[in-house]
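To start, the structure under review is shown below, and the notes come after it.
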Amino acid sequence: YNVVKIGSQLWINENLQYEYGLPINPNSTPSTPAAWYYNKNKNQYGLDSIYKVGLLYNWYAVIEMSENNIFPNGWRIPDNDDIDKLQNKAGNLSTPLKAISAPSVNNWGGTDEYNFNALPTGLYEAGTFRSIDVDCNLWTTYETPANLGRAYGFDSTTKFWRYGADKTKGYAVRLCKDV
């Protein structure tokens, strides 16, 4: 994975594609952590493909990976404090963090000042893949008071947003680490 420094943190600037023994299928339930390649197509949407989406994980998989401390040398899935730091440092730049161009002519085009490279990865929800060319949704390990998973995201025009999401949705994941 490639790494960028944003403030006092390092971030991978690619989406995670760590299978971690997770069932990679659309029939998983919350008690069975799951991950999906967009449209169930690793060749087209894996990190080695032109679209570089990686895996879309449900929130339960995110928590299992985090609780089992599977990432080396201080790397982690961000929590709410990590997203505060990211947003405070890079959320209101002249060229803010935002999803870079959708795949139109076999390239994603565009970037931001930090080369965070938030791709419009789309999402998985209730058996459907959608929004691949619209926005980037990324999980955190934070659980909202309303028992939702916390996600953050970007599109090509919005600088940065955070929201609570159903834990069974499939979103991408980025890792961070303190410098």
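Naming scheme: A, B, ... for chains in displayed order of the structure tokens; residues 1 onward per chain; ligands 1 onward as shown.
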Excluding Lys169 (chain A) and residues on its chain fewer than 6 positions from it, collect all residues at most 10 Å away from it, counting only C-alpha atoms, and give them as an MDAnalysis selection string. chainID A and resid 34:35 56:60 123:129 139 149
Let me make sure I understand: among A:Leu16, A:Gly122, A:Thr140, A:Trp11, which one has the smallest atom-to-atom distance to Pro78 (chain A) if we use only C-alpha atoms? A:Thr140
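Rounded to one decimal, CA of Arg76 (chain A) and CA of Pro120 (chain A) lie 21.9 Å from each other.
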So that I can check the surroundings of Ser8 (chain A), please list as an NGL selection string every protein, DNA and RNA residue that reaches within 12 Å of it, counting only C-alpha atoms and ignoring chain neighbours fewer than 4 positions away. :A and (4 or 82 or 84-86 or 88-90 or 176-179)
Writing out the chosen residues with N, CA and C atoms as a PDB file, in the first residue's frame:
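File produced: result-v2.pdb:
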```pdb
ATOM      1  N   VAL A   4       0.489   8.247   2.721  1.00  0.00           N
ATOM      2  CA  VAL A   4       0.622   9.703   2.688  1.00  0.00           C
ATOM      3  C   VAL A   4       0.560  10.226   4.121  1.00  0.00           C
ATOM      4  N   ASP A  82      -9.652   9.836  14.968  1.00  0.00           N
ATOM      5  CA  ASP A  82      -8.817   9.873  13.771  1.00  0.00           C
ATOM      6  C   ASP A  82      -9.489  10.668  12.659  1.00  0.00           C
ATOM      7  N   ASP A  84     -11.711  13.060  13.132  1.00  0.00           N
ATOM      8  CA  ASP A  84     -11.628  14.468  13.545  1.00  0.00           C
ATOM      9  C   ASP A  84     -10.316  15.076  13.070  1.00  0.00           C
ATOM     10  N   LYS A  85      -9.209  14.385  13.316  1.00  0.00           N
ATOM     11  CA  LYS A  85      -7.894  14.889  12.910  1.00  0.00           C
ATOM     12  C   LYS A  85      -7.802  15.043  11.398  1.00  0.00           C
ATOM     13  N   LEU A  86      -8.294  14.053  10.682  1.00  0.00           N
ATOM     14  CA  LEU A  86      -8.260  14.109   9.218  1.00  0.00           C
ATOM     15  C   LEU A  86      -9.084  15.282   8.711  1.00  0.00           C
ATOM     16  N   ASN A  88     -10.072  18.004  10.361  1.00  0.00           N
ATOM     17  CA  ASN A  88      -9.512  19.293  10.786  1.00  0.00           C
ATOM     18  C   ASN A  88      -8.291  19.688   9.964  1.00  0.00           C
ATOM     19  N   LYS A  89      -7.490  18.715   9.582  1.00  0.00           N
ATOM     20  CA  LYS A  89      -6.275  19.025   8.828  1.00  0.00           C
ATOM     21  C   LYS A  89      -6.545  19.158   7.332  1.00  0.00           C
ATOM     22  N   ALA A  90      -7.404  18.314   6.783  1.00  0.00           N
ATOM     23  CA  ALA A  90      -7.522  18.239   5.329  1.00  0.00           C
ATOM     24  C   ALA A  90      -8.943  18.421   4.797  1.00  0.00           C
ATOM     25  N   CYS A 176      -4.974   3.994   9.129  1.00  0.00           N
ATOM     26  CA  CYS A 176      -4.161   5.137   9.543  1.00  0.00           C
ATOM     27  C   CYS A 176      -3.248   4.713  10.680  1.00  0.00           C
ATOM     28  N   LYS A 177      -2.327   5.601  10.993  1.00  0.00           N
ATOM     29  CA  LYS A 177      -1.346   5.348  12.048  1.00  0.00           C
ATOM     30  C   LYS A 177      -0.792   6.686  12.500  1.00  0.00           C
ATOM     31  N   ASP A 178      -0.492   6.821  13.778  1.00  0.00           N
ATOM     32  CA  ASP A 178       0.135   8.052  14.264  1.00  0.00           C
ATOM     33  C   ASP A 178       1.590   8.079  13.845  1.00  0.00           C
ATOM     34  N   VAL A 179       2.098   9.296  13.557  1.00  0.00           N
ATOM     35  CA  VAL A 179       3.500   9.442  13.158  1.00  0.00           C
ATOM     36  C   VAL A 179       4.357   9.325  14.396  1.00  0.00           C
TER      37      VAL A 179
END
```
